[in-house]
Amino acid sequence: MTAGITGAHSGPLQLLDSGFSAACQGRFLVKRIFRLLLIPAIALGSGFAQESGSRKTVWDGVFTSAQAERGRDAYAVHCSSCHFEDLRGLNGPALKGQQFVDNWREDSVKSLFTFIQTSMPRRAPASLSGETYVDIVTHILAVNEFPAGSKELSTDALGSIQIVGKDGPAPIPNFSLIALAGCLAQGPDDTWTLKNVAAPMRARQEKPAAPEVQASAARPLGTDTFRLVYIDSLRPDFLAERHVGQKLHAQGYLLRNDQGLGLSVTWLEAVASTCAQ
């Protein structure tokens with residue numbers, strides 16, 4: 001298998017799609033830079049939403065008030081110097097409000113937990129107990145006005161709980177990092193698409209971890225098609241011509257405009273030699 005690298009694609013200019021007007025491109029640049037500051041690396045035409053099935057959401061009372069109070073105390077000791085006591089942000093991004101919710105909605109609580117655990121506190125990541133990190137997550141949820149319930153949140157339950165806005169599941173925001181699995185196809189004029197794509201998953205880094213790529217091998221295919229933007233930036237590590245008709249794991253920035261769905265790619269990797277179901 002071969003994979004793309006992010007180095008040739010790291011600047012925000014590389015994400016611009018010819019389908020956008022100059023004014024829209026300018027807004028995209030500002031938003032891309034802002035998002036990169038908000039989400040440090042540890043890391044729709046068809047109005048799709050993330051697959052959620054019958055999973056619980058943060059509106060189902062998934063933590064207790066007592067747990068959130070413990071989290072408030074732990075947050076004050078380990079987090080407030082960067083994010084301020086009321087979570088409005090200081091030397092770190094805000095952990096409350098609509099921007100925070102938009103950064104994490106249509107993703108699992110486990111994703112938020114993992115991000116915090118592996119990157120915070122800034123000078124000592126992963127230095128707290130798992131229970132303390134869970135408590136801090138519940139404090140963040142409580143401040144964002146998600147309701148408390150009668151049962152404490154446990155590490156085992158994190159992956160089964162979805163973060164959604166007050167109106168329920170919604171399409172993943174434009175320009176978000178996403179992961180896809182689909183079939184690579186070549187079109188006219190050296191255009192490339194990923195076909196038979198199921199609902200995308202939110203991603204937290206431009207380069208996927210090995211388990212994420214492995215999961216794509218087992219993911220069922222779907223019906224959406226994404227045009228792949230700046231696929232040549234992955235050369236010579238990924239040569240698209242060698243993977244036509246193969247099932248790929250793709251990662252990059254979601255582009256949704258009048259041309260339909262697109263992906264400004266940061267990573268491509270073959271996960272199956274054919275696209276047979």
# chains A, B, ... in the order shown; residues from 1 in each chain; ligands from 1

call {"tool": "residues_around", "arguments": {"residues": "Phe113 of chain A", "least_positions_apart": "5", "cutoff": "12 Å", "atoms": "only C-alpha atoms", "output": "compact mmCIF listing (two decimals) with C-alpha atoms, in the first residue's frame"}}
result
# COMPACT_ATOMS: atom_id res chain seq x y z
CA TRP A 104 -17.09 18.69 17.89
CA ASP A 107 -18.49 13.19 16.57
CA SER A 108 -18.34 10.98 19.64
CA THR A 118 -3.42 12.97 24.53
CA SER A 119 -2.69 16.70 24.33
CA MET A 120 -3.51 18.23 27.71
CA ALA A 126 -1.74 12.04 29.41
CA GLY A 130 -8.58 8.37 32.91
CA GLU A 131 -11.30 9.10 35.45
CA THR A 132 -10.04 12.67 35.88
CA TYR A 133 -10.09 13.28 32.15
CA VAL A 134 -13.66 11.94 31.99
CA ASP A 135 -14.66 14.27 34.83
CA ILE A 136 -13.16 17.24 32.97
CA VAL A 137 -15.12 16.28 29.84
CA THR A 138 -18.35 16.22 31.87
CA HIS A 139 -17.59 19.70 33.22
CA ILE A 140 -17.14 20.96 29.66
CA LEU A 141 -20.45 19.34 28.67
CA LEU A 153 -20.15 8.82 32.48
CA SER A 154 -17.62 5.98 32.20
CA THR A 155 -14.74 5.44 29.81
CA ASP A 156 -16.52 2.39 28.40
CA ALA A 157 -19.49 4.49 27.30
CA LEU A 158 -17.59 7.32 25.58
CA GLY A 159 -17.65 5.84 22.10
CA ILE A 161 -22.38 8.84 22.84
CA ILE A 163 -22.12 15.12 20.34

call {"tool": "atom_distance", "arguments": {"atom1": "atom CA of Thr191 of chain A", "atom2": "atom CA of Ala272 of chain A"}}
result
21.6 Å

call {"tool": "residues_around", "arguments": {"residues": "segment 76-82 of chain A", "least_positions_apart": "6", "cutoff": "7 Å", "atoms": "only C-alpha atoms", "output": "list in words"}}
result
Gly89, Leu90, Asn91, Gly92 and Pro121 of chain A

call {"tool": "closest_residue", "arguments": {"among": "A:Asn144, A:Gln98, A:Thr193, A:Gln277", "to": "Leu261 of chain A", "atoms": "only C-alpha atoms"}}
result
A:Thr193

call {"tool": "closest_residue", "arguments": {"among": "A:Ala270, A:Leu263, A:Ala218, A:Ile231", "to": "His243 of chain A", "atoms": "only C-alpha atoms"}}
result
A:Ala270

call {"tool": "closest_residue", "arguments": {"among": "A:Phe115, A:Trp267, A:Phe175, A:Trp192", "to": "Asp237 of chain A", "atoms": "only C-alpha atoms"}}
result
A:Trp267

call {"tool": "atom_distance", "arguments": {"atom1": "atom CA of Lys207 of chain A", "atom2": "atom CA of Glu106 of chain A"}}
result
19.7 Å

call {"tool": "atom_distance", "arguments": {"atom1": "atom CA of Leu177 of chain A", "atom2": "atom CA of Val197 of chain A"}}
result
15.7 Å

call {"tool": "select_by_dssp", "arguments": {"residues": "segment 53-215 of chain A", "states": "alpha helix (DSSP H)", "output": "PyMOL selection string"}}
result
chain A and resi 65-78+80-83+98-104+109-119+130-143+210-215

call {"tool": "residues_around", "arguments": {"residues": "His249 of chain A", "least_positions_apart": "4", "cutoff": "7 Å", "atoms": "only C-alpha atoms", "output": "PyMOL selection string"}}
result
chain A and resi 180-182+213+216+268-271

call {"tool": "write_last_selection", "arguments": {"atoms": "N, CA and C atoms", "output": "CSV table (one decimal), in the first residue's frame"}}
result
chain,number,residue,atom,x,y,z
A,180,LEU,N,-13.1,9.3,4.8
A,180,LEU,CA,-14.0,8.7,3.9
A,180,LEU,C,-13.5,7.3,3.4
A,181,ALA,N,-14.3,6.5,3.0
A,181,ALA,CA,-13.9,5.2,2.3
A,181,ALA,C,-14.7,5.1,1.0
A,182,GLY,N,-14.0,4.9,-0.1
A,182,GLY,CA,-14.7,4.8,-1.4
A,182,GLY,C,-13.8,4.3,-2.5
A,213,VAL,N,-7.4,3.7,9.3
A,213,VAL,CA,-7.3,3.1,8.0
A,213,VAL,C,-7.8,1.7,8.0
A,216,SER,N,-11.5,1.5,7.7
A,216,SER,CA,-12.1,1.8,6.4
A,216,SER,C,-12.2,0.5,5.5
A,268,LEU,N,-4.4,9.7,1.2
A,268,LEU,CA,-5.1,8.6,0.5
A,268,LEU,C,-4.3,7.3,0.7
A,269,GLU,N,-5.0,6.3,0.9
A,269,GLU,CA,-4.3,5.0,1.1
A,269,GLU,C,-5.3,3.8,0.7
A,270,ALA,N,-4.7,2.9,-0.1
A,270,ALA,CA,-5.5,1.7,-0.5
A,270,ALA,C,-5.8,0.8,0.7
A,271,VAL,N,-7.1,0.4,0.8
A,271,VAL,CA,-7.4,-0.6,1.9
A,271,VAL,C,-7.9,-1.9,1.3

call {"tool": "residues_around", "arguments": {"residues": "Val143 of chain A", "least_positions_apart": "4", "cutoff": "12 Å", "atoms": "only C-alpha atoms", "output": "PyMOL selection string"}}
result
chain A and resi 65+68-69+71-72+75+85-88+94-97+100-101+136-139+147-148

call {"tool": "write_last_selection", "arguments": {"atoms": "C-alpha atoms", "output": "tab-separated table (two decimals), in the first residue's frame"}}
result
chain	number	residue	atom	x	y	z
A	65	SER	CA	-24.00	16.75	38.46
A	68	ALA	CA	-19.32	17.56	36.61
A	69	GLU	CA	-18.47	19.25	39.92
A	71	GLY	CA	-14.54	17.91	36.73
A	72	ARG	CA	-14.87	21.60	37.54
A	75	TYR	CA	-10.36	21.77	35.32
A	85	GLU	CA	-12.07	29.64	34.56
A	86	ASP	CA	-15.28	30.08	32.57
A	87	LEU	CA	-13.93	28.19	29.50
A	88	ARG	CA	-13.98	31.28	27.30
A	94	ALA	CA	-12.69	28.52	24.02
A	95	LEU	CA	-14.30	25.33	25.29
A	96	LYS	CA	-17.85	26.63	25.24
A	97	GLY	CA	-20.24	28.28	22.83
A	100	PHE	CA	-16.88	24.78	20.26
A	101	VAL	CA	-20.05	22.80	19.53
A	136	ILE	CA	-13.16	17.24	32.97
A	137	VAL	CA	-15.12	16.28	29.84
A	138	THR	CA	-18.35	16.22	31.87
A	139	HIS	CA	-17.59	19.70	33.22
A	147	PRO	CA	-28.13	18.09	30.84
A	148	ALA	CA	-26.95	15.92	33.71

call {"tool": "closest_residue", "arguments": {"among": "A:Leu228, A:Ala215, A:Ala210, A:Leu184", "to": "Ser264 of chain A", "atoms": "only C-alpha atoms"}}
result
A:Leu228

call {"tool": "select_by_dssp", "arguments": {"residues": "segment 55-267 of chain A", "states": "strand (DSSP E or B)", "output": "PyMOL selection string"}}
result
chain A and resi 56-57+107-108+161-163+165+168+177-186+192-197+201-202+224-229+247-257+260-267

call {"tool": "closest_residue", "arguments": {"among": "A:Ala240, A:Leu128, A:Ile178, A:Leu221", "to": "Ala198 of chain A", "atoms": "only C-alpha atoms"}}
result
A:Leu221
